[in-house]
$ cat my_file08.cif   # mmCIF, C-alpha atoms
data_run
loop_
_atom_site.label_atom_id
_atom_site.label_comp_id
_atom_site.auth_asym_id
_atom_site.auth_seq_id
_atom_site.Cartn_x
_atom_site.Cartn_y
_atom_site.Cartn_z
CA MET C 1 -56.92 37.78 -90.92
CA THR C 2 -57.23 34.14 -91.90
CA PRO C 3 -54.38 31.66 -92.25
CA MET C 4 -55.14 31.60 -95.96
CA LEU C 5 -54.36 35.27 -96.20
CA ILE C 6 -51.12 34.88 -94.24
CA ALA C 7 -50.08 32.06 -96.51
CA ALA C 8 -50.79 34.20 -99.53
CA GLU C 9 -48.89 37.14 -98.13
CA GLU C 10 -45.65 35.45 -97.09
CA THR C 11 -45.31 31.71 -97.48
CA PRO C 12 -41.98 30.84 -95.83
CA ASN C 13 -39.68 28.54 -97.72
CA PRO C 14 -39.64 25.35 -95.62
CA LEU C 15 -36.02 24.67 -96.64
CA ILE C 16 -34.65 27.98 -95.37
CA PRO C 17 -34.31 27.87 -91.60
CA ALA C 18 -35.22 30.81 -89.44
CA VAL C 19 -32.64 31.93 -86.91
CA TYR C 20 -34.82 30.90 -83.98
CA ASP C 21 -35.32 27.48 -85.61
CA ILE C 22 -31.56 26.86 -85.73
CA PHE C 23 -31.16 28.31 -82.25
CA TRP C 24 -33.66 25.99 -80.60
CA SER C 25 -32.36 23.03 -82.61
CA ALA C 26 -28.88 23.76 -81.32
CA VAL C 27 -30.06 24.15 -77.73
CA VAL C 28 -31.88 20.84 -77.89
CA PHE C 29 -28.91 19.14 -79.53
CA ILE C 30 -26.39 20.47 -77.02
CA VAL C 31 -28.52 19.50 -74.03
CA ILE C 32 -29.15 15.98 -75.30
CA PHE C 33 -25.53 15.56 -76.39
CA LEU C 34 -24.16 16.63 -73.02
CA VAL C 35 -26.56 14.45 -71.07
CA PHE C 36 -25.76 11.38 -73.15
CA TRP C 37 -22.03 12.05 -73.47
CA LYS C 38 -21.26 12.98 -69.89
CA MET C 39 -23.86 11.08 -67.97
CA VAL C 40 -25.95 8.42 -69.62
CA LEU C 41 -23.39 6.59 -71.73
CA PRO C 42 -20.65 6.43 -69.07
CA ALA C 43 -23.14 5.27 -66.45
CA PHE C 44 -24.53 2.51 -68.65
CA LYS C 45 -21.06 1.51 -69.81
CA LYS C 46 -19.89 1.24 -66.22
CA THR C 47 -22.85 -0.91 -65.30
CA LEU C 48 -22.35 -3.17 -68.29
CA ASP C 49 -18.66 -3.55 -67.50
CA GLU C 50 -19.41 -4.30 -63.86
CA ARG C 51 -21.98 -6.86 -64.85
CA ALA C 52 -19.64 -8.48 -67.33
CA GLU C 53 -16.95 -8.53 -64.67
CA ARG C 54 -19.31 -10.03 -62.14
CA ILE C 55 -20.44 -12.71 -64.57
CA GLN C 56 -16.84 -13.39 -65.55
CA GLY C 57 -15.92 -13.58 -61.86
CA GLY C 58 -18.81 -15.94 -61.22
CA ILE C 59 -17.75 -18.22 -64.03
CA GLU C 60 -14.16 -18.21 -62.83
CA LYS C 61 -15.26 -18.95 -59.29
CA ALA C 62 -17.42 -21.82 -60.47
CA GLU C 63 -14.51 -23.19 -62.44
CA LYS C 64 -12.26 -22.91 -59.39
CA VAL C 65 -14.79 -24.65 -57.18
CA GLN C 66 -15.20 -27.36 -59.79
CA ALA C 67 -11.44 -27.85 -59.96
CA GLU C 68 -11.27 -28.04 -56.18
CA ALA C 69 -14.06 -30.59 -56.11
CA ASP C 70 -12.27 -32.64 -58.75
CA ALA C 71 -9.05 -32.51 -56.76
CA ALA C 72 -10.88 -33.51 -53.59
CA LEU C 73 -12.54 -36.41 -55.38
CA GLN C 74 -9.19 -37.56 -56.72
CA GLU C 75 -7.62 -37.27 -53.30
CA TYR C 76 -10.50 -39.21 -51.77
CA GLN C 77 -10.24 -41.94 -54.38
CA LYS C 78 -6.50 -42.12 -53.84
CA GLN C 79 -7.01 -42.44 -50.09
CA LEU C 80 -9.63 -45.09 -50.67
CA ALA C 81 -7.25 -47.06 -52.89
CA ASP C 82 -4.46 -46.61 -50.34
CA GLY C 83 -6.79 -47.82 -47.60
CA ARG C 84 -7.75 -50.87 -49.62
CA ALA C 85 -4.12 -51.69 -50.33
CA GLU C 86 -3.27 -51.22 -46.65
CA ALA C 87 -6.13 -53.49 -45.59
CA ALA C 88 -5.07 -56.16 -48.08
CA ARG C 89 -1.50 -55.90 -46.89
CA MET C 90 -2.57 -56.21 -43.26
CA ARG C 91 -4.77 -59.17 -44.05
CA ALA C 92 -1.92 -60.90 -45.82
CA GLU C 93 0.39 -60.11 -42.93
CA ALA C 94 -2.12 -61.41 -40.42
CA GLN C 95 -2.56 -64.59 -42.39
CA GLU C 96 1.15 -65.08 -42.56
CA GLU C 97 1.52 -64.38 -38.87
CA GLY C 98 -1.34 -66.73 -38.07
CA ALA C 99 0.26 -69.46 -40.13
CA GLN C 100 3.54 -68.82 -38.38
CA ILE C 101 1.90 -68.95 -34.98
CA ILE C 102 0.15 -72.20 -35.87
CA ALA C 103 3.39 -73.68 -37.11
CA GLU C 104 5.17 -72.54 -33.95
CA MET C 105 2.45 -73.96 -31.76
CA LYS C 106 2.60 -77.23 -33.66
CA GLN C 107 6.33 -77.31 -33.28
CA ARG C 108 6.07 -76.53 -29.61
CA ALA C 109 3.40 -79.19 -29.11
CA ALA C 110 5.49 -81.71 -30.99
CA ASP C 111 8.53 -80.83 -28.88
CA GLU C 112 6.50 -81.10 -25.73
CA ALA C 113 5.12 -84.43 -26.78
CA GLU C 114 8.59 -85.66 -27.58
CA ARG C 115 9.85 -84.41 -24.28
CA ILE C 116 7.03 -86.09 -22.38
CA THR C 117 7.56 -89.27 -24.34
CA ALA C 118 11.27 -89.21 -23.58
CA GLN C 119 10.61 -88.50 -19.94
CA ALA C 120 8.12 -91.29 -19.80
CA LYS C 121 10.59 -93.63 -21.42
CA VAL C 122 13.27 -92.65 -18.93
CA GLN C 123 10.85 -93.11 -16.07
CA ILE C 124 9.68 -96.43 -17.39
CA GLU C 125 13.27 -97.52 -17.80
CA ALA C 126 14.04 -96.46 -14.25
CA GLU C 127 10.99 -98.20 -12.91
CA ARG C 128 11.83 -101.23 -14.93
CA GLN C 129 15.35 -101.18 -13.52
CA ALA C 130 13.91 -100.79 -10.02
CA ALA C 131 11.44 -103.54 -10.61
CA MET C 132 14.20 -105.70 -12.04
CA VAL C 133 16.37 -105.15 -9.01
CA SER C 134 13.60 -105.82 -6.59
CA LEU C 135 12.42 -108.73 -8.68
CA ARG C 136 15.91 -110.10 -8.84
CA GLY C 137 16.19 -109.99 -5.07
CA GLU C 138 12.77 -111.33 -4.21
CA VAL C 139 12.45 -113.82 -7.00
CA GLY C 140 15.99 -115.09 -6.33
CA SER C 141 15.40 -115.67 -2.67
CA LEU C 142 11.95 -117.06 -3.29
CA ALA C 143 13.17 -119.35 -6.07
CA THR C 144 16.19 -120.58 -4.17
CA ASP C 145 14.04 -121.07 -1.12
CA LEU C 146 11.56 -123.02 -3.14
CA ALA C 147 14.18 -124.93 -5.03
CA GLY C 148 15.95 -125.73 -1.74
CA ARG C 149 12.80 -127.09 -0.34
CA ILE C 150 12.17 -129.15 -3.43
CA VAL C 151 15.74 -130.28 -3.73
CA GLY C 152 16.01 -130.63 -0.05
CA GLU C 153 19.18 -128.80 0.35
CA THR C 154 19.85 -125.31 1.18
CA LEU C 155 21.28 -123.38 -1.57
CA THR C 156 23.26 -121.24 0.71
CA ASP C 157 26.13 -120.93 -1.47
CA ASP C 158 25.48 -117.42 -2.52
CA ALA C 159 27.59 -117.48 -5.55
CA ARG C 160 25.76 -120.35 -7.04
CA ALA C 161 22.38 -119.01 -6.08
CA ALA C 162 23.18 -115.68 -7.72
CA ASN C 163 24.26 -117.50 -10.84
CA VAL C 164 21.02 -119.38 -11.05
CA VAL C 165 18.95 -116.26 -10.58
CA ASP C 166 20.88 -114.35 -13.17
CA ARG C 167 20.41 -117.08 -15.69
CA PHE C 168 16.72 -117.16 -14.97
CA ILE C 169 16.30 -113.45 -15.32
CA SER C 170 18.22 -113.29 -18.57
CA ASP C 171 16.03 -116.08 -19.90
CA LEU C 172 13.06 -114.08 -18.83
CA GLU C 173 14.39 -110.99 -20.55
CA LYS C 174 14.90 -112.88 -23.75
CA GLN C 175 11.36 -114.04 -23.67
CA THR C 176 9.82 -110.73 -22.73
CA PRO C 177 10.62 -108.70 -25.94
CA ALA C 178 9.33 -111.63 -27.96
CA ALA C 179 6.19 -111.72 -25.94
CA ALA C 180 5.81 -107.98 -26.21
CA ALA C 181 6.26 -108.15 -30.00
CA LYS C 182 3.75 -110.85 -30.18
CA GLU C 183 1.27 -108.83 -28.15
CA ASN C 184 1.70 -105.88 -30.47
CA MET J 1 -55.76 20.21 -80.93
CA ALA J 2 -54.31 22.96 -83.03
CA ILE J 3 -55.83 21.37 -86.07
CA ALA J 4 -59.24 21.17 -84.49
CA THR J 5 -59.18 24.78 -83.39
CA THR J 6 -58.04 25.90 -86.84
CA VAL J 7 -60.85 24.01 -88.49
CA LEU J 8 -63.37 25.23 -85.97
CA ALA J 9 -62.35 28.83 -86.41
CA GLU J 10 -62.50 28.56 -90.14
CA GLY J 11 -65.72 26.66 -90.51
CA GLY J 12 -65.98 24.27 -93.43
CA PHE J 13 -63.13 22.13 -94.75
CA HIS J 14 -59.72 23.66 -94.83
CA ALA J 15 -56.82 21.76 -96.41
CA PRO J 16 -53.62 21.84 -94.32
CA SER J 17 -50.91 24.08 -95.68
CA ILE J 18 -47.23 24.64 -95.10
CA MET J 19 -48.27 27.22 -92.53
CA GLU J 20 -48.87 24.27 -90.15
CA PHE J 21 -45.12 24.40 -89.57
CA PHE J 22 -44.94 28.11 -88.91
CA PRO J 23 -47.35 28.72 -86.06
CA PRO J 24 -47.49 32.14 -84.47
CA ALA J 25 -44.81 33.05 -81.96
CA VAL J 26 -45.57 32.48 -78.30
CA LEU J 27 -42.50 33.91 -76.59
CA PHE J 28 -39.75 36.38 -77.46
CA GLU J 29 -41.34 37.32 -80.75
CA GLY J 30 -38.96 38.93 -83.20
CA THR J 31 -35.80 37.87 -81.31
CA PRO J 32 -33.45 35.03 -82.35
CA PHE J 33 -34.90 33.10 -79.39
CA GLU J 34 -38.46 33.34 -80.65
CA MET J 35 -40.50 30.40 -79.46
CA ASN J 36 -43.51 29.05 -81.22
CA ARG J 37 -45.45 25.90 -80.50
CA ILE J 38 -43.00 23.65 -82.33
CA MET J 39 -39.96 25.07 -80.52
CA ILE J 40 -41.72 24.47 -77.20
CA ILE J 41 -42.46 20.90 -78.27
CA ARG J 42 -38.78 20.43 -79.10
CA VAL J 43 -37.73 21.58 -75.67
CA ILE J 44 -40.35 19.41 -73.98
CA ALA J 45 -39.27 16.36 -76.00
CA ALA J 46 -35.60 17.00 -75.24
CA LEU J 47 -36.26 17.47 -71.52
CA ALA J 48 -38.41 14.35 -71.38
CA LEU J 49 -35.75 12.32 -73.17
CA CYS J 50 -33.00 13.63 -70.90
CA ALA J 51 -35.11 13.11 -67.79
CA VAL J 52 -35.90 9.50 -68.65
CA PHE J 53 -32.29 8.60 -69.36
CA ALA J 54 -30.81 10.70 -66.56
CA ILE J 55 -33.10 9.10 -63.99
CA GLY J 56 -32.38 5.73 -65.56
CA ALA J 57 -28.65 6.37 -65.37
CA ARG J 58 -28.86 7.22 -61.67
CA ARG J 59 -30.75 4.08 -60.79
CA LEU J 60 -28.61 1.56 -62.60
CA LYS J 61 -28.30 -1.81 -60.96
CA LEU J 62 -26.31 -4.88 -61.82
CA VAL J 63 -29.51 -6.86 -61.95
CA PRO J 64 -31.64 -4.62 -64.16
CA SER J 65 -35.25 -3.70 -63.60
CA ARG J 66 -37.62 -3.90 -66.55
CA GLY J 67 -37.22 -0.20 -67.40
CA GLN J 68 -33.46 -0.44 -67.18
CA SER J 69 -33.49 -3.48 -69.46
CA VAL J 70 -35.43 -1.55 -72.08
CA MET J 71 -33.02 1.39 -71.86
CA GLU J 72 -30.03 -0.94 -72.05
CA MET J 73 -31.57 -2.66 -75.03
CA THR J 74 -32.09 0.56 -76.98
CA LEU J 75 -28.64 1.89 -76.09
CA ASP J 76 -27.14 -1.46 -77.06
CA PHE J 77 -29.05 -1.39 -80.32
CA VAL J 78 -27.50 1.98 -81.17
CA ARG J 79 -24.06 0.93 -79.99
CA VAL J 80 -23.94 -2.48 -81.68
CA SER J 81 -26.33 -2.43 -84.63
CA ILE J 82 -25.71 1.14 -85.73
CA ALA J 83 -22.27 2.24 -84.55
CA GLU J 84 -20.13 -0.88 -84.18
CA ASP J 85 -21.51 -2.72 -87.18
CA SER J 86 -20.82 0.14 -89.56
CA MET J 87 -17.73 1.75 -87.98
CA GLY J 88 -15.91 -1.01 -86.14
CA LYS J 89 -15.45 -1.11 -82.40
CA LYS J 90 -12.60 1.36 -82.09
CA MET J 91 -14.13 4.16 -84.09
CA ALA J 92 -17.59 3.46 -82.70
CA GLU J 93 -16.38 4.13 -79.18
CA ARG J 94 -15.21 7.63 -80.11
CA PHE J 95 -18.34 8.56 -82.02
CA LEU J 96 -20.84 6.79 -79.80
CA PRO J 97 -22.01 9.97 -77.98
CA LEU J 98 -22.69 11.67 -81.32
CA ILE J 99 -24.43 8.69 -82.93
CA THR J 100 -26.48 8.00 -79.80
CA THR J 101 -27.49 11.65 -79.53
CA ILE J 102 -28.53 11.75 -83.17
CA PHE J 103 -30.60 8.59 -82.84
CA PHE J 104 -32.45 9.55 -79.67
CA MET J 105 -32.85 13.21 -80.60
CA VAL J 106 -34.37 12.37 -83.97
CA LEU J 107 -36.54 9.68 -82.39
CA ALA J 108 -37.77 11.94 -79.59
CA LEU J 109 -38.50 14.84 -81.92
CA ASN J 110 -40.19 12.58 -84.48
CA ILE J 111 -42.42 10.82 -82.03
CA THR J 112 -44.02 14.05 -80.78
CA GLY J 113 -45.90 14.01 -84.09
CA ILE J 114 -48.27 11.36 -82.77
CA ILE J 115 -48.33 12.26 -79.08
CA PRO J 116 -51.72 13.72 -78.17
CA PHE J 117 -51.68 17.48 -77.44
CA LEU J 118 -48.23 17.85 -79.01
CA ASN J 119 -49.35 16.53 -82.39
CA ILE J 120 -46.45 17.77 -84.47
CA ALA J 121 -42.96 16.45 -84.91
CA GLY J 122 -40.22 18.67 -83.50
CA SER J 123 -38.13 17.65 -86.47
CA SER J 124 -40.69 18.77 -89.04
CA VAL J 125 -39.15 22.23 -89.30
CA VAL J 126 -35.90 22.41 -91.21
CA GLY J 127 -33.70 23.52 -88.28
CA VAL J 128 -33.27 20.11 -86.65
CA PRO J 129 -32.62 18.04 -89.79
CA LEU J 130 -30.31 20.71 -91.19
CA LEU J 131 -28.36 21.18 -87.97
CA LEU J 132 -27.87 17.45 -87.52
CA ALA J 133 -26.90 17.03 -91.16
CA LEU J 134 -24.33 19.81 -90.82
CA ILE J 135 -22.93 18.27 -87.65
CA VAL J 136 -22.55 14.94 -89.45
CA TYR J 137 -21.13 16.77 -92.49
CA PHE J 138 -18.39 18.48 -90.51
CA SER J 139 -17.77 15.38 -88.42
CA TYR J 140 -16.94 13.24 -91.41
CA HIS J 141 -14.83 15.84 -93.15
CA ILE J 142 -12.84 16.59 -89.99
CA GLU J 143 -12.46 12.90 -89.14
CA GLY J 144 -11.34 12.15 -92.69
CA ILE J 145 -8.70 14.89 -92.68
CA ARG J 146 -7.58 13.90 -89.20
CA GLU J 147 -7.11 10.26 -90.23
CA LEU J 148 -5.68 10.64 -93.72
CA GLY J 149 -4.41 14.22 -93.99
CA LEU J 150 -6.00 16.82 -96.24
CA PHE J 151 -4.57 15.46 -99.49
CA GLY J 152 -5.05 11.82 -98.52
CA TYR J 153 -8.62 12.51 -97.51
CA LEU J 154 -9.49 14.28 -100.76
CA LYS J 155 -7.88 11.51 -102.79
CA ASN J 156 -9.70 8.86 -100.77
CA ALA J 157 -13.01 10.69 -101.00
CA LEU J 158 -12.91 11.66 -104.65
CA VAL J 159 -10.82 9.14 -106.56
CA LEU J 160 -12.28 5.68 -106.88
CA PRO J 161 -9.50 3.11 -107.10
CA GLY J 162 -9.45 0.86 -110.14
CA VAL J 163 -11.34 3.23 -112.42
CA PRO J 164 -9.56 4.06 -115.73
CA LEU J 165 -8.28 7.61 -116.16
CA PRO J 166 -10.82 8.87 -118.73
CA LEU J 167 -13.67 7.77 -116.49
CA GLN J 168 -12.07 9.58 -113.57
CA PHE J 169 -12.86 12.89 -115.29
CA LEU J 170 -16.48 11.90 -114.94
CA MET J 171 -16.28 10.19 -111.57
CA VAL J 172 -14.33 12.77 -109.59
CA PRO J 173 -16.91 15.56 -110.04
CA ILE J 174 -19.72 13.13 -109.25
CA GLU J 175 -17.94 11.97 -106.11
CA ALA J 176 -17.21 15.56 -105.11
CA LEU J 177 -20.83 16.50 -105.59
CA THR J 178 -21.90 13.46 -103.56
CA LYS J 179 -19.54 14.02 -100.66
CA PHE J 180 -19.81 17.79 -100.41
CA VAL J 181 -23.39 18.56 -101.42
CA ILE J 182 -25.68 15.61 -101.90
CA GLN J 183 -24.98 13.69 -98.72
CA PRO J 184 -25.88 16.48 -96.25
CA PHE J 185 -28.70 17.62 -98.50
CA THR J 186 -30.35 14.19 -98.69
CA LEU J 187 -29.78 13.69 -94.97
CA THR J 188 -31.73 16.90 -94.31
CA LEU J 189 -34.45 16.36 -96.87
CA ARG J 190 -35.15 12.72 -96.09
CA LEU J 191 -36.00 13.46 -92.49
CA LEU J 192 -37.71 16.78 -93.13
CA CYS J 193 -39.95 15.52 -95.94
CA ASN J 194 -40.94 12.40 -94.04
CA MET J 195 -42.01 14.48 -91.06
CA ILE J 196 -43.77 17.17 -93.10
CA VAL J 197 -45.67 14.66 -95.21
CA GLY J 198 -46.55 12.51 -92.21
CA HIS J 199 -47.96 15.48 -90.37
CA LEU J 200 -49.89 16.75 -93.41
CA LEU J 201 -51.40 13.29 -93.90
CA LEU J 202 -52.49 13.15 -90.27
CA VAL J 203 -53.96 16.65 -90.43
CA LEU J 204 -55.70 15.84 -93.67
CA CYS J 205 -57.24 12.66 -92.28
CA PHE J 206 -58.42 14.19 -89.03
CA SER J 207 -59.62 17.52 -90.42
CA ALA J 208 -61.51 15.63 -93.13
CA THR J 209 -63.01 13.45 -90.42
CA TRP J 210 -64.06 16.58 -88.53
CA PHE J 211 -65.53 18.04 -91.68
CA PHE J 212 -67.46 14.88 -92.60
CA PHE J 213 -68.83 14.38 -89.10
CA PHE J 214 -69.82 17.92 -88.23
CA ASP J 215 -70.01 20.08 -91.34
CA ALA J 216 -70.96 17.80 -94.22
CA SER J 217 -74.49 16.75 -95.01
CA LEU J 218 -75.81 13.46 -93.63
CA GLY J 219 -74.91 11.40 -96.70
CA PHE J 220 -71.21 12.25 -96.31
CA LYS J 221 -70.92 11.21 -92.67
CA PHE J 222 -69.99 7.68 -93.80
CA PHE J 223 -66.77 9.02 -95.33
CA GLY J 224 -65.77 10.22 -91.91
CA ILE J 225 -65.38 6.60 -90.82
CA ILE J 226 -63.01 5.97 -93.71
CA THR J 227 -60.92 9.04 -92.98
CA ILE J 228 -60.70 8.31 -89.27
CA ALA J 229 -59.57 4.76 -90.09
CA GLY J 230 -57.06 6.33 -92.45
CA GLY J 231 -55.90 8.63 -89.66
CA PHE J 232 -55.46 5.64 -87.35
CA PHE J 233 -53.43 3.84 -89.99
CA VAL J 234 -51.28 6.90 -90.68
CA THR J 235 -50.64 7.24 -86.94
CA LEU J 236 -49.27 3.68 -86.82
CA LEU J 237 -47.28 4.41 -89.95
CA GLU J 238 -45.86 7.54 -88.29
CA ILE J 239 -44.60 5.51 -85.33
CA LEU J 240 -42.80 3.23 -87.75
CA ILE J 241 -41.44 6.16 -89.74
CA ALA J 242 -40.29 7.94 -86.59
CA LEU J 243 -38.23 4.89 -85.61
CA LEU J 244 -37.06 4.23 -89.13
CA GLN J 245 -35.89 7.79 -89.77
CA ALA J 246 -34.02 7.91 -86.48
CA TYR J 247 -32.34 4.64 -87.41
CA VAL J 248 -31.54 5.77 -90.95
CA PHE J 249 -30.15 9.13 -89.86
CA ALA J 250 -27.91 7.61 -87.19
CA LEU J 251 -26.82 4.78 -89.48
CA LEU J 252 -25.96 7.12 -92.36
CA ALA J 253 -24.04 9.36 -90.00
CA ALA J 254 -21.99 6.36 -88.90
CA VAL J 255 -21.49 5.15 -92.46
CA TYR J 256 -20.43 8.58 -93.77
CA ILE J 257 -17.90 9.05 -90.98
CA ARG J 258 -16.54 5.56 -91.56
CA GLN J 259 -16.32 6.13 -95.32
CA ALA J 260 -14.46 9.38 -94.90
CA ALA J 261 -11.93 8.02 -92.43
CA SER J 262 -11.11 4.61 -93.87
CA ALA J 263 -8.53 4.35 -96.60
CA GLU J 264 -9.94 1.20 -98.18
CA HIS J 265 -13.06 2.02 -100.09
#

$ encode --input "my_file08.cif" --output "structure tokens"
Amino acid sequence: MTPMLIAAEETPNPLIPAVYDIFWSAVVFIVIFLVFWKMVLPAFKKTLDERAERIQGGIEKAEKVQAEADAALQEYQKQLADGRAEAARMRAEAQEEGAQIIAEMKQRAADEAERITAQAKVQIEAERQAAMVSLRGEVGSLATDLAGRIVGETLTDDARAANVVDRFISDLEKQTPAAAAKEN
Amino acid sequence: MAIATTVLAEGGFHAPSIMEFFPPAVLFEGTPFEMNRIMIIRVIAALALCAVFAIGARRLKLVPSRGQSVMEMTLDFVRVSIAEDSMGKKMAERFLPLITTIFFMVLALNITGIIPFLNIAGSSVVGVPLLLALIVYFSYHIEGIRELGLFGYLKNALVLPGVPLPLQFLMVPIEALTKFVIQPFTLTLRLLCNMIVGHLLLVLCFSATWFFFFDASLGFKFFGIITIAGGFFVTLLEILIALLQAYVFALLAAVYIRQAASAEH
């Protein structure tokens, strides 16, 4: 029995399905449909969603970190600016203080100098007075002694002698400022 | 292999016939569960497809391996390029299992046509194309009625808006014929004929090659080189057609469902 003979005997219509043909088609369809519907598609969908979520999360995290970094940079720059302002302020303060200290010192030195000068003047005056007194005594006695010897009489009369000395001294005093002026 | 054995048994050149698609029963002969070579190939293809994707689905990782990437790419292609582009996201989500099943089932059953030792497409017998076409057929009618109501659906399906009344007498029967007869019929025939013709071409090329090499006289052996080159070319063409038909079937399913369920035409 050759295939040719079979074909001649009963050539099946290729458009009319046999029962077994439909049956096995249906079995195959149902199996594939169930596997894809219940297993494959949900599994892949879940993975895709998870991945999308992860990527989304990663992007959000990166954005957050970036924002934090920006904030930190701003804070740092603000601190830097604050620090600079503080330093400038302190420098200005220090300068002012320094100037004040210098002025104070100058003032104090000037006061001290004035005080010393005044003291010196007082001392000089006192010494001058002392010298004057001692001079008056010594020079008077010396001069009267000398004059007595020259004149040949003793100028014992104290009142007169004192008069003479006084006159002499006052003359001397008149001359002295003039001499001092001249020296200067 | 089957081809070769047929030719060997016959001796001489034997043109392939429609009987290629009705091989003798192997199991359960005479019952509704009768299995011949092509039914076995269908089951093998289905199991292989399910195994690949089931194993893939169990081993999913956030950072995909190469195999997972390929699977994701093909599933994404079906989801985005076929379902979402023609149905919109919302409807695509509901029909995705059906569209995906149609695409991969047609692809798996088509591709067996060029796999060595299987050598015939599981979809080259009318059962698979017809069953899938009927499933699509009922899906779009049911979805249309569900969305628009029976009357709304019929009006939407049959009456073209903006066509003057006299023309409607012509258009309504044409539309009815299209929606209720032609669409499932072309869906079935397109796939079936592509697979039958592809297989016959392959058989023709390779049995002619066999004939020229081993049975023909010396002067004809040269033609064997031409026919084997032709067979090689047809094999490449079959790969393309297997992909293309799976794409077309799934796409048309999506488009028909969308058409039936959307009020705007």

$ closest_atom_pairs --input "my_file08.cif" --of "chain C" --to "chain J" --cutoff "6 Å" --atoms "all atoms listed in the file" --output "Markdown table"
| residue | atom | partner | partner_atom | distance |
| --- | --- | --- | --- | --- |
| C:Leu15 | CA | J:Val126 | CA | 5.9 |
| C:Pro17 | CA | J:Gly127 | CA | 5.5 |
| C:Val19 | CA | J:Pro32 | CA | 5.6 |
| C:Tyr20 | CA | J:Pro32 | CA | 4.6 |
| C:Asp21 | CA | J:Gly127 | CA | 5.0 |
| C:Ile22 | CA | J:Gly127 | CA | 4.7 |
| C:Ser25 | CA | J:Val128 | CA | 5.1 |
| C:Val28 | CA | J:Ala46 | CA | 6.0 |
| C:Phe33 | CA | J:Thr101 | CA | 5.4 |
| C:Trp37 | CA | J:Pro97 | CA | 5.0 |
| C:Val40 | CA | J:Ala57 | CA | 5.4 |
| C:Ala43 | CA | J:Ala57 | CA | 5.7 |
| C:Arg51 | CA | J:Leu62 | CA | 5.6 |

$ atom_distance --input "my_file08.cif" --atom1 "CA of Phe249 (chain J)" --atom2 "CA of Val35 (chain C)"
19.9 Å

$ closest_residue --input "my_file08.cif" --among "J:Ser86, J:Ser81, J:Gln168, J:Gln183" --to "Ala133 (chain J)" --atoms "only C-alpha atoms"
J:Gln183

$ atom_distance --input "my_file08.cif" --atom1 "CA of Lys61 (chain C)" --atom2 "CA of Met73 (chain J)"
27.9 Å

$ atom_distance --input "my_file08.cif" --atom1 "CA of Val133 (chain C)" --atom2 "CA of Asn163 (chain C)"
14.8 Å

$ resolve_selection --input "my_file08.cif" --expression "the PyMOL selection byres ((chain J and resi 151-165) around 9)" --output "count of residues only"
26

$ resolve_selection --input "my_file08.cif" --expression "the PyMOL selection byres ((chain C and resi 137-140) around 9)" --output "NGL selection string"
:C and (132-136 or 141-145 or 161-162 or 164-166 or 168)

$ residues_around --input "my_file08.cif" --residues "region 230-243 of chain J" --least-positions-apart "2" --cutoff "6 Å" --atoms "all atoms listed in the file" --output "MDAnalysis selection string"
chainID J and resid 107 110:111 202 205 227:228 245:246

$ write_last_selection --input "my_file08.cif" --atoms "C-alpha atoms" --output "compact mmCIF listing (two decimals), in the frame of the given file"
# COMPACT_ATOMS: atom_id res chain seq x y z
CA LEU J 107 -36.54 9.68 -82.39
CA ASN J 110 -40.19 12.58 -84.48
CA ILE J 111 -42.42 10.82 -82.03
CA LEU J 202 -52.49 13.15 -90.27
CA CYS J 205 -57.24 12.66 -92.28
CA THR J 227 -60.92 9.04 -92.98
CA ILE J 228 -60.70 8.31 -89.27
CA GLN J 245 -35.89 7.79 -89.77
CA ALA J 246 -34.02 7.91 -86.48

$ resolve_selection --input "my_file08.cif" --expression "the PyMOL selection byres ((chain J and resi 87) around 10)" --output "list in words"
Val80, Ile82, Ala83, Glu84, Asp85, Ser86, Gly88, Lys89, Lys90, Met91, Ala92, Glu93, Phe95, Leu251, Ala254, Val255, Tyr256, Ile257, Arg258, Gln259, Ala261 and Ser262 of chain J
